[in-house]
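Next comes model-v2.cif, a file with mmCIF, C-alpha atoms.
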data_start
loop_
_atom_site.label_atom_id
_atom_site.label_comp_id
_atom_site.auth_asym_id
_atom_site.auth_seq_id
_atom_site.Cartn_x
_atom_site.Cartn_y
_atom_site.Cartn_z
CA MET A 1258 115.47 110.37 90.47
CA ASN A 1259 112.81 112.66 91.95
CA GLU A 1260 109.98 112.26 89.48
CA SER A 1261 106.63 110.90 90.54
CA HIS A 1262 103.87 109.28 88.56
CA THR A 1263 100.34 108.81 89.83
CA VAL A 1264 98.81 105.47 88.91
CA ASP A 1265 95.50 105.84 90.73
CA GLY A 1266 93.63 108.03 93.15
CA PRO A 1267 93.38 107.68 96.93
CA GLY A 1268 93.13 104.15 98.24
CA VAL A 1269 91.23 102.84 101.23
CA SER A 1270 91.83 103.00 104.99
CA GLY A 1271 93.85 106.19 104.74
CA MET A 1272 96.27 104.82 102.15
CA GLY A 1273 96.95 106.52 98.83
CA THR A 1274 98.23 104.90 95.65
CA GLY A 1275 100.88 106.43 93.45
CA SER A 1276 104.35 105.63 92.17
CA PHE A 1277 106.97 107.71 93.93
CA ALA A 1278 110.76 107.48 93.75
CA SER A 1279 111.27 109.27 97.06
CA PRO A 1280 109.23 109.98 100.21
CA ASP A 1281 109.77 113.68 99.46
CA ASP A 1282 107.55 113.28 96.37
CA ILE A 1283 104.39 112.05 98.11
CA PRO A 1284 101.47 114.49 98.48
CA ASP A 1285 100.91 116.27 101.80
CA SER A 1286 97.44 114.74 102.03
CA GLY A 1287 97.86 112.94 105.34
CA LEU A 1288 97.42 109.59 103.55
CA ARG A 1289 99.95 106.77 103.78
CA TYR A 1290 102.00 106.02 100.65
CA ALA A 1291 104.24 103.03 99.86
CA VAL A 1292 107.66 104.05 98.51
CA ALA A 1293 109.85 101.24 97.18
CA LEU A 1294 113.57 101.21 97.97
CA PRO A 1295 115.68 102.35 94.97
CA PHE A 1296 117.27 98.90 94.54
CA TYR A 1297 113.83 97.37 93.92
CA GLN A 1298 112.66 100.30 91.80
CA LYS A 1299 115.52 99.45 89.43
CA HIS A 1300 115.70 95.66 89.72
CA GLY A 1301 112.26 94.55 90.90
CA ILE A 1302 111.02 93.10 87.57
CA TYR A 1303 112.11 89.51 86.96
CA VAL A 1304 110.87 86.19 85.60
CA GLU A 1305 110.60 82.71 87.07
CA ASN A 1306 110.48 79.62 84.89
CA ALA A 1307 107.07 77.96 85.01
CA GLY A 1308 107.87 74.77 83.12
CA LYS A 1309 110.13 72.97 80.69
CA VAL A 1310 112.01 75.07 78.14
CA LEU A 1311 111.16 74.14 74.55
CA GLU A 1312 113.38 74.24 71.46
CA VAL A 1313 111.28 74.92 68.38
CA LYS A 1314 112.39 74.80 64.74
CA GLY A 1315 110.93 73.78 61.39
CA GLY A 1316 107.18 73.88 60.72
CA ALA A 1317 104.23 75.08 62.79
CA HIS A 1318 104.19 74.46 66.54
CA GLU A 1319 101.60 75.03 69.25
CA LEU A 1320 103.38 75.81 72.51
CA LYS A 1321 102.28 73.64 75.42
CA ILE A 1322 103.72 73.67 78.90
CA GLY A 1323 105.44 70.58 80.26
CA GLU A 1324 106.74 69.81 83.77
CA GLU A 1325 104.63 72.63 85.15
CA ARG A 1326 105.88 74.40 88.28
CA SER A 1327 103.77 76.54 90.60
CA THR A 1328 105.15 79.65 92.26
CA THR A 1329 104.55 81.45 95.55
CA GLN A 1330 103.59 85.04 96.25
CA THR A 1331 104.20 87.42 99.15
CA ILE A 1332 101.20 89.74 99.54
CA PRO A 1333 101.93 92.91 101.57
CA VAL A 1334 99.08 92.50 104.05
CA GLY A 1335 98.76 94.36 107.33
CA GLY A 1336 99.32 97.92 108.41
CA GLY A 1337 95.83 99.20 107.56
CA GLY A 1338 92.58 98.12 105.91
CA ASP A 1339 91.87 94.83 104.21
CA ASP A 1340 92.47 96.28 100.74
CA ASP A 1341 95.65 98.22 101.48
CA TRP A 1342 97.70 95.44 99.88
CA ARG A 1343 96.33 96.47 96.49
CA SER A 1344 97.34 100.10 97.08
CA THR A 1345 100.86 98.99 97.97
CA LEU A 1346 101.11 96.84 94.86
CA LYS A 1347 99.94 99.67 92.60
CA SER A 1348 102.67 101.85 94.05
CA VAL A 1349 105.58 99.41 93.85
CA VAL A 1350 104.64 97.87 90.49
CA GLY A 1351 104.04 101.32 89.04
CA ILE A 1352 107.45 102.70 90.02
CA ALA A 1353 109.25 99.54 88.80
CA VAL A 1354 107.56 99.87 85.38
CA LYS A 1355 108.25 103.62 85.21
CA THR A 1356 111.92 103.15 86.15
CA ALA A 1357 112.29 100.47 83.46
CA GLU A 1358 110.67 102.72 80.86
CA ASP A 1359 112.87 105.69 81.82
CA ALA A 1360 115.97 103.51 81.41
CA LEU A 1361 114.73 102.27 78.04
CA ARG A 1362 114.03 105.81 76.84
CA ASP A 1363 117.51 106.93 77.94
CA LYS A 1364 118.88 104.45 75.40
CA TYR A 1365 116.24 105.11 72.75
CA PRO A 1366 114.93 108.69 73.13
CA ALA A 1367 112.42 108.40 70.27
CA LEU A 1368 110.33 105.69 71.93
CA PRO A 1369 106.62 106.45 72.48
CA ASP A 1370 104.90 106.50 75.87
CA GLY A 1371 104.11 103.01 77.10
CA ALA A 1372 107.05 101.47 75.23
CA ILE A 1373 107.94 99.23 78.17
CA SER A 1374 104.46 97.67 78.00
CA SER A 1375 105.13 96.66 74.40
CA LEU A 1376 108.52 95.26 75.34
CA LEU A 1377 107.37 93.29 78.40
CA GLY A 1378 103.73 92.70 77.63
CA PHE A 1379 102.57 94.28 80.90
CA GLY A 1380 102.52 97.69 82.58
CA ALA A 1381 101.65 99.56 85.75
CA SER A 1382 97.97 98.61 85.50
CA SER A 1383 98.95 94.92 85.80
CA ALA A 1384 98.89 95.39 89.57
CA ASP A 1385 95.09 95.22 89.26
CA SER A 1386 95.30 91.63 88.00
CA VAL A 1387 97.32 90.28 90.94
CA SER A 1388 95.48 87.52 92.77
CA LYS A 1389 95.59 87.40 96.57
CA LYS A 1390 96.83 83.82 96.70
CA GLU A 1391 99.92 82.32 98.27
CA THR A 1392 100.42 79.86 95.38
CA ILE A 1393 99.91 80.51 91.66
CA THR A 1394 99.71 77.84 88.94
CA PHE A 1395 100.62 78.61 85.34
CA GLY A 1396 97.72 79.09 82.99
CA VAL A 1397 97.15 81.19 79.86
CA SER A 1398 93.96 81.57 77.86
CA ASP A 1399 95.63 82.44 74.54
CA THR A 1400 96.93 79.63 72.32
CA VAL A 1401 100.44 80.40 71.09
CA LYS A 1402 101.24 79.00 67.64
CA ILE A 1403 104.46 79.92 65.86
CA ILE A 1404 106.28 79.01 62.64
CA PRO A 1405 110.06 79.49 62.90
CA LEU A 1406 111.55 80.89 59.72
CA ILE A 1407 113.95 78.74 57.73
CA GLY A 1408 117.18 78.20 59.62
CA LYS A 1409 115.84 79.71 62.85
CA THR A 1410 115.69 78.06 66.27
CA ILE A 1411 113.26 79.50 68.81
CA ILE A 1412 113.79 78.90 72.53
CA ALA A 1413 110.36 79.10 74.19
CA ARG A 1414 110.12 79.55 77.96
CA PRO A 1415 106.87 79.51 79.96
CA VAL A 1416 107.41 82.04 82.75
CA TYR A 1417 105.82 83.97 85.58
CA PHE A 1418 106.49 87.69 85.24
CA LYS A 1419 107.00 88.90 88.79
CA VAL A 1420 107.76 92.10 90.66
CA LYS A 1421 109.56 91.93 94.00
CA SER A 1422 109.84 95.01 96.16
CA VAL A 1423 110.63 96.20 99.64
CA SER A 1424 108.87 99.45 100.50
CA ASP A 1425 108.33 101.86 103.38
CA GLU A 1426 105.04 103.56 104.21
CA TRP A 1427 105.19 107.32 104.73
CA VAL A 1428 102.81 110.12 105.63
CA LYS A 1429 103.51 113.76 104.75
CA GLU A 1430 101.80 116.26 106.99
CA ARG A 1431 100.45 119.60 105.76
CA GLU A 1432 103.57 121.41 106.97
CA GLY A 1433 105.72 119.07 104.87
CA SER A 1434 107.18 116.87 107.61
CA LEU A 1435 107.54 113.14 106.89
CA LYS A 1436 106.47 110.39 109.26
CA LEU A 1437 107.53 106.77 108.83
CA VAL A 1438 104.53 104.49 109.49
CA ARG A 1439 105.94 101.08 108.51
CA GLY A 1440 109.33 99.95 107.26
CA SER A 1441 110.60 97.15 105.02
CA VAL A 1442 107.27 95.81 103.74
CA VAL A 1443 107.96 92.92 101.34
CA SER A 1444 105.94 92.27 98.15
CA ASP A 1445 106.64 89.53 95.60
CA VAL A 1446 103.81 88.95 93.16
CA VAL A 1447 102.91 87.57 89.73
CA VAL A 1448 101.79 90.34 87.35
CA LYS A 1449 101.53 88.16 84.24
CA MET A 1450 101.97 84.59 82.98
CA GLY A 1451 103.07 83.77 79.46
CA TRP A 1452 105.85 82.79 77.08
CA ILE A 1453 109.23 84.32 76.32
CA LEU A 1454 110.51 83.57 72.81
CA GLU A 1455 114.26 83.96 72.30
CA CYS A 1456 116.93 83.25 69.70
CA PRO A 1457 120.53 82.21 70.38
CA THR A 1458 123.12 84.84 69.40
CA PRO A 1459 126.54 84.11 67.86
CA GLY A 1460 128.25 85.11 71.11
CA GLY A 1461 126.42 82.45 73.11
CA GLY A 1462 123.76 84.76 74.52
CA MET A 1463 120.06 85.21 73.89
CA ARG A 1464 117.92 87.94 72.38
CA LEU A 1465 114.17 88.38 72.13
CA ALA A 1466 112.78 86.79 68.97
CA ARG A 1467 111.18 89.06 66.36
CA GLN A 1468 107.79 88.20 64.87
CA MET A 1469 107.49 88.90 61.14
CA PRO A 1470 104.69 91.46 60.59
CA SER A 1471 102.27 91.51 57.67
CA LYS A 1472 104.47 94.18 56.08
CA PRO A 1473 108.12 93.30 56.83
CA GLU A 1474 110.70 96.08 56.84
CA ALA A 1475 113.67 95.76 54.52
CA GLY A 1476 116.94 94.90 56.23
CA VAL A 1477 115.33 93.64 59.47
CA GLU A 1478 116.07 90.11 60.68
CA TYR A 1479 112.89 88.28 61.67
CA ASP A 1480 112.66 84.92 63.41
CA PHE A 1481 109.13 83.50 63.28
CA GLN A 1482 105.63 83.97 61.94
CA ALA A 1483 102.23 83.68 63.65
CA ASP A 1484 98.62 84.05 62.60
CA THR A 1485 98.04 86.91 65.08
CA LEU A 1486 100.22 89.45 66.86
CA LEU A 1487 101.39 87.57 69.95
CA ASN A 1488 101.28 89.09 73.42
CA VAL A 1489 104.87 88.14 74.23
CA PRO A 1490 107.90 90.32 75.11
CA ALA A 1491 109.20 91.73 71.84
CA PRO A 1492 111.41 94.57 70.60
CA VAL A 1493 109.37 97.78 70.37
CA PHE A 1494 111.08 98.69 67.11
CA PRO A 1495 113.51 96.59 65.06
CA GLU A 1496 116.40 98.77 66.20
CA VAL A 1497 115.63 98.16 69.88
CA ASP A 1498 117.94 95.36 71.00
CA GLU A 1499 116.82 94.30 74.47
CA ASN A 1500 116.85 91.07 76.43
CA ALA A 1501 114.09 89.49 78.49
CA PRO A 1502 113.91 90.39 82.20
CA PRO A 1503 116.51 88.55 84.31
CA THR A 1504 115.59 85.18 85.75
CA GLY A 1505 115.34 84.93 89.51
CA PRO A 1506 114.58 87.44 92.30
CA PRO A 1507 116.77 90.57 92.33
CA ASP A 1508 118.15 90.06 95.84
CA ARG A 1509 119.21 86.41 95.32
CA MET A 1510 118.23 85.53 98.88
CA ALA A 1511 119.88 82.77 100.86
CA THR A 1512 119.04 81.56 104.35
CA SER A 1513 120.94 79.98 107.21
CA GLU A 1514 120.27 78.95 110.78
CA GLY A 1515 122.54 78.52 113.77
CA GLU A 1516 123.03 78.69 117.51
CA SER A 1517 125.63 80.65 119.45
CA GLY A 1518 124.13 81.35 122.83
CA VAL A 1519 120.80 81.96 121.07
CA ARG A 1520 118.95 80.40 118.12
CA TRP A 1521 119.36 82.38 114.90
CA TYR A 1522 117.70 82.58 111.51
CA PHE A 1523 119.32 84.76 108.83
CA SER A 1524 118.18 85.71 105.34
CA GLY A 1525 119.79 88.01 102.82
CA PRO A 1526 121.76 88.19 99.56
CA GLN A 1527 123.87 85.08 99.02
CA GLU A 1528 127.16 86.92 99.55
CA SER A 1529 126.10 88.58 102.83
CA ARG A 1530 127.26 87.25 106.18
CA VAL A 1531 125.43 87.59 109.48
CA THR A 1532 126.67 85.90 112.65
CA SER A 1533 125.87 85.93 116.33
CA LEU A 1534 128.46 87.53 118.59
CA GLY A 1535 127.93 84.58 120.91
CA SER A 1536 126.73 86.58 123.89
CA GLY A 1537 123.22 85.09 123.92
CA LEU A 1538 120.17 86.99 125.11
CA ARG A 1539 120.95 89.38 127.96
CA LYS A 1540 118.41 90.96 130.27
CA GLU A 1541 119.71 94.40 131.18
CA SER A 1542 117.52 95.02 134.21
CA VAL A 1543 117.14 93.02 137.42
CA TRP A 1544 113.50 94.11 137.75
CA PRO A 1545 111.11 91.23 136.95
CA TRP A 1546 108.65 93.48 135.10
CA ASP A 1547 111.29 94.75 132.65
CA ARG A 1548 111.07 92.74 129.41
CA THR A 1549 114.04 94.35 127.63
CA TRP A 1550 116.56 91.90 126.16
CA ASN A 1551 119.74 92.46 124.12
CA THR A 1552 121.91 90.32 121.91
CA GLY A 1553 124.78 91.05 119.52
CA ILE A 1554 125.07 90.47 115.76
CA SER A 1555 127.83 90.98 113.22
CA VAL A 1556 126.96 91.97 109.62
CA GLN A 1557 129.28 91.99 106.61
CA CYS A 1558 128.55 92.50 102.88
CA PRO A 1559 131.17 92.69 100.10
CA PRO A 1560 131.38 95.70 97.77
CA PRO A 1561 129.46 95.54 94.45
CA LYS A 1562 132.47 94.38 92.42
CA HIS A 1563 132.62 91.19 94.50
CA GLN A 1564 128.87 90.45 94.55
CA GLY A 1565 128.90 88.39 91.35
CA ASP A 1566 125.70 89.66 89.73
CA SER A 1567 124.62 92.57 87.56
CA ARG A 1568 121.93 93.45 90.13
CA THR A 1569 124.38 94.71 92.72
CA TYR A 1570 123.75 96.99 95.70
CA GLU A 1571 125.82 99.72 97.36
CA CYS A 1572 124.13 99.76 100.75
CA TYR A 1573 121.67 97.71 102.78
CA ARG A 1574 119.57 97.80 105.93
CA VAL A 1575 118.92 95.35 108.77
CA LYS A 1576 115.44 94.18 109.73
CA TYR A 1577 115.06 92.05 112.82
CA ARG A 1578 112.54 90.46 115.11
CA VAL A 1579 112.39 87.78 117.77
CA GLU A 1580 110.23 84.68 117.45
CA GLY A 1581 109.39 82.00 119.95
CA THR A 1582 108.38 78.36 120.13
CA SER A 1583 106.12 76.82 122.75
CA PRO A 1584 106.13 73.05 123.31
CA THR A 1585 102.38 73.18 123.98
CA VAL A 1586 100.98 76.12 121.99
CA GLY A 1587 103.07 76.05 118.79
CA ASN A 1588 104.90 78.89 117.09
CA TRP A 1589 104.29 82.56 117.73
CA ASP A 1590 106.05 85.89 117.55
CA TRP A 1591 105.81 89.01 119.65
CA GLY A 1592 104.65 91.29 116.84
CA THR A 1593 105.62 94.93 116.72
CA ARG A 1594 106.85 94.90 120.30
CA SER A 1595 109.91 92.96 119.20
CA GLN A 1596 110.88 94.06 115.71
CA GLY A 1597 112.79 96.94 114.17
CA THR A 1598 114.43 98.27 111.03
CA VAL A 1599 117.67 100.21 110.96
CA SER A 1600 119.37 102.04 108.10
CA PHE A 1601 122.28 104.37 108.79
CA ALA A 1602 125.64 105.28 107.31
CA ARG A 1603 128.40 104.28 109.73
CA GLY A 1604 129.08 103.17 113.25
CA THR A 1605 128.24 100.58 115.89
CA ARG A 1606 125.43 101.16 118.32
CA THR A 1607 122.57 99.61 120.26
CA ILE A 1608 119.40 99.23 118.20
CA GLY A 1609 116.29 99.45 120.35
CA GLU A 1610 113.02 97.64 119.74
CA ASP A 1611 110.87 99.18 116.99
CA GLU A 1612 113.72 101.56 116.25
CA SER A 1613 113.99 102.99 112.78
CA ASP A 1614 116.21 105.73 111.45
CA PRO A 1615 113.57 107.77 109.58
CA ARG A 1616 115.90 110.49 108.32
CA THR A 1617 118.36 108.17 106.58
CA MET A 1618 115.55 105.84 105.53
CA ALA A 1619 113.81 108.75 103.78
CA GLN A 1620 117.11 109.62 102.07
CA HIS A 1621 117.51 105.97 101.01
CA ARG A 1622 120.81 105.74 102.81
CA GLY A 1623 121.97 102.57 104.48
CA ILE A 1624 124.88 100.57 105.80
CA PRO A 1625 127.70 100.54 103.20
CA ALA A 1626 128.32 97.30 101.32
CA ASP A 1627 132.09 97.77 101.57
CA GLY A 1628 133.27 94.49 103.04
CA SER A 1629 133.62 95.97 106.53
CA GLU A 1630 132.24 94.23 109.59
CA TYR A 1631 129.51 96.13 111.45
CA ARG A 1632 128.50 95.08 114.94
CA TYR A 1633 125.17 95.82 116.53
CA ASP A 1634 123.48 95.18 119.83
CA VAL A 1635 119.81 94.59 118.97
CA GLN A 1636 117.18 95.08 121.65
CA PHE A 1637 113.83 93.33 122.09
CA GLY A 1638 110.81 93.80 124.29
CA ALA A 1639 109.31 90.34 124.79
CA TYR A 1640 108.42 87.71 127.37
CA LEU A 1641 111.37 85.36 127.01
CA ASP A 1642 112.01 84.08 130.52
CA GLY A 1643 109.00 81.75 130.81
CA ALA A 1644 109.34 78.00 130.65
CA ALA A 1645 107.47 77.91 127.33
CA ALA A 1646 109.68 80.45 125.55
CA SER A 1647 112.31 79.19 123.14
CA PRO A 1648 113.31 82.38 121.31
CA LYS A 1649 114.82 82.63 117.85
CA VAL A 1650 116.33 85.88 116.57
CA HIS A 1651 115.34 86.48 112.90
CA VAL A 1652 117.57 88.91 110.94
CA ASP A 1653 117.08 89.99 107.31
CA ILE A 1654 119.59 91.89 105.16
CA ILE A 1655 117.75 94.10 102.61
CA PRO A 1656 119.46 95.94 99.74
CA VAL A 1657 118.57 99.65 99.73
CA ARG A 1658 120.25 100.99 96.58
#
For this file, write the structure as structure tokens.
Amino acid sequence: MNESHTVDGPGVSGMGTGSFASPDDIPDSGLRYAVALPFYQKHGIYVENAGKVLEVKGGAHELKIGEERSTTQTIPVGGGGDDDWRSTLKSVVGIAVKTAEDALRDKYPALPDGAISSLLGFGASSADSVSKKETITFGVSDTVKIIPLIGKTIIARPVYFKVKSVSDEWVKEREGSLKLVRGSVVSDVVVKMGWILECPTPGGGMRLARQMPSKPEAGVEYDFQADTLLNVPAPVFPEVDENAPPTGPPDRMATSEGESGVRWYFSGPQESRVTSLGSGLRKESVWPWDRTWNTGISVQCPPPKHQGDSRTYECYRVKYRVEGTSPTVGNWDWGTRSQGTVSFARGTRTIGEDESDPRTMAQHRGIPADGSEYRYDVQFGAYLDGAAASPKVHVDIIPVR
């Protein structure tokens, strides 16, 4: 997919906003642009339950949330000016919405522009409504009242509509060359709060409930009535048979910690496996001023058919950094001097600090999810030999496509 869609004009602090499927598509303006990884372009939209699920049938009902649950956000701060996070969100939300609409139109070619907004109840412009808060509490201003039709059961879910993405920041120079500015920037934000109304299907599944309009169409099965047209996910046309967005983040992250010569913290898809090679942290040079350290990791991810979810990935990348703990100062990390991102096709090699593989990252290539074990020697530049240093190696596995 090499199309691009501009959501807004240039952003602030040298960062532009636009929805691009590939770094090749960004303008040669010298501005920085966030480009989401293909996996998150396709799977970034999801929902998270915000409260108790309600079963509604017979008579009029006003939907009210019970057992309310807050949710957290990851705002992509850093890398530029104070408002660059908004530019990043416009880019990654915009491409996720466009990818979803393209997929919908592939199935239903006659759909009008903006059809995905009717189906989901939000669109690319929803990035403007994201609040820069770590925690969000459910709250809607519209009262939702429904009357299930005779014999119908409506399952009502209060949800947060979220978009999770991992993106890279690129600059294209006037001569067309690409420069990677930042890699693997994580965003996970609430773009809307509201209700999803569904009906059980004979096969044990769920489908989006259909609101009866003022002028019903003959032969169409409707499920409920309401005084006004509700702003809830709904089929664009009666013949459009779509489900609500999947529940839960697309990468199904799990975490683990361990020690094998060095403290470790791993995060990644549940089926991924990262282990220490047990060699600990090694200082390669005898010179006291050299702060270069190495340690080994082993990475293994099963092929898509063994990943157990419809949101599968074919390749991934490794992001790593080293953190430390001081008994007197608290926690700290060594910033960009001790972190890197790597994405390449095959092989075992030493990964130096701050190292990226810009060519394969721009091509959205990565390490194959084929069940094979890949071994790496990761390299850090940090002050680890002081009495206060208690380093922990932090490794993330990120699906690429």
Once the PyMOL selection byres ((chain A and resi 1464-1480) around 10) has been applied to the shown file, what residues remain in the selection, as an mmCIF file with C-alpha atoms, keeping the file's coordinate frame?
data_model
loop_
_atom_site.group_PDB
_atom_site.id
_atom_site.type_symbol
_atom_site.label_atom_id
_atom_site.label_comp_id
_atom_site.auth_asym_id
_atom_site.auth_seq_id
_atom_site.Cartn_x
_atom_site.Cartn_y
_atom_site.Cartn_z
ATOM 1 C CA LEU A 1376 108.520 95.260 75.340
ATOM 2 C CA ILE A 1403 104.460 79.920 65.860
ATOM 3 C CA ILE A 1404 106.280 79.010 62.640
ATOM 4 C CA PRO A 1405 110.060 79.490 62.900
ATOM 5 C CA LEU A 1406 111.550 80.890 59.720
ATOM 6 C CA ILE A 1407 113.950 78.740 57.730
ATOM 7 C CA GLY A 1408 117.180 78.200 59.620
ATOM 8 C CA LYS A 1409 115.840 79.710 62.850
ATOM 9 C CA THR A 1410 115.690 78.060 66.270
ATOM 10 C CA ILE A 1411 113.260 79.500 68.810
ATOM 11 C CA ILE A 1412 113.790 78.900 72.530
ATOM 12 C CA ALA A 1413 110.360 79.100 74.190
ATOM 13 C CA ILE A 1453 109.230 84.320 76.320
ATOM 14 C CA LEU A 1454 110.510 83.570 72.810
ATOM 15 C CA GLU A 1455 114.260 83.960 72.300
ATOM 16 C CA CYS A 1456 116.930 83.250 69.700
ATOM 17 C CA PRO A 1457 120.530 82.210 70.380
ATOM 18 C CA THR A 1458 123.120 84.840 69.400
ATOM 19 C CA GLY A 1462 123.760 84.760 74.520
ATOM 20 C CA MET A 1463 120.060 85.210 73.890
ATOM 21 C CA PHE A 1481 109.130 83.500 63.280
ATOM 22 C CA GLN A 1482 105.630 83.970 61.940
ATOM 23 C CA ALA A 1483 102.230 83.680 63.650
ATOM 24 C CA ASP A 1484 98.620 84.050 62.600
ATOM 25 C CA THR A 1485 98.040 86.910 65.080
ATOM 26 C CA LEU A 1486 100.220 89.450 66.860
ATOM 27 C CA LEU A 1487 101.390 87.570 69.950
ATOM 28 C CA VAL A 1489 104.870 88.140 74.230
ATOM 29 C CA PRO A 1490 107.900 90.320 75.110
ATOM 30 C CA ALA A 1491 109.200 91.730 71.840
ATOM 31 C CA PRO A 1492 111.410 94.570 70.600
ATOM 32 C CA VAL A 1493 109.370 97.780 70.370
ATOM 33 C CA PHE A 1494 111.080 98.690 67.110
ATOM 34 C CA PRO A 1495 113.510 96.590 65.060
ATOM 35 C CA GLU A 1496 116.400 98.770 66.200
ATOM 36 C CA ASP A 1498 117.940 95.360 71.000
ATOM 37 C CA GLU A 1499 116.820 94.300 74.470
ATOM 38 C CA ASN A 1500 116.850 91.070 76.430
ATOM 39 C CA ALA A 1501 114.090 89.490 78.490
#
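Going from CA of Pro1625 (chain A) to CA of Leu1361 (chain A) covers 28.4 Å.
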>> I need the residue nearest Gly1553 (chain A) from this list: A:Arg1632, A:Arg1362, A:Arg1568, A:Lys1576. Use only C-alpha atoms for the distance.
In response: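 The shortest atom-to-atom distance to Gly1553 (chain A) comes from A:Arg1632.
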>> Once the PyMOL selection byres ((chain A and resi 1318-1333) around 10) has been evaluated on this model, what residues remain selected, and can you format them as an MDAnalysis selection string?
In response: chainID A and resid 1305:1311 1313:1317 1334:1336 1341:1346 1387:1396 1400:1405 1413:1417 1419:1424 1442:1447 1452 1483
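CA of Thr1504 (chain A) sits 14.8 Å away from CA of Gly1565 (chain A).
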>> Taking the file as I've supplied it (selection: the PyMOL selection byres ((chain A and resi 1616) around 10)), which residues are included? Please answer as a ChimeraX atom specification.
In response: /A:1435-1437,1600-1601,1613-1615,1617-1622
> If you count only C-alpha atoms, which residues fall within 12 Å of Ser1382 (chain A), apart from same-chain ones fewer than 5 positions away, as an MDAnalysis selection string?
Replying inline: chainID A and resid 1263:1265 1274:1276 1343:1344 1346:1355 1371 1374 1387 1448:1449
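We find CA of Gln1557 (chain A) and CA of Glu1630 (chain A) to be spaced 4.8 Å apart.
Candidate residues A:Ser1434, A:Gly1440, A:Asp1425, A:Gly1451 were compared for distance to Phe1379 (chain A), and the nearest is A:Gly1451, using only C-alpha atoms.
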>> Using all atoms listed in the file for the distances, tell me which of A:Ser1386, A:Ser1279, A:Thr1549, A:Thr1569 is nearest to Ile1655 (chain A).
In response: A:Thr1569
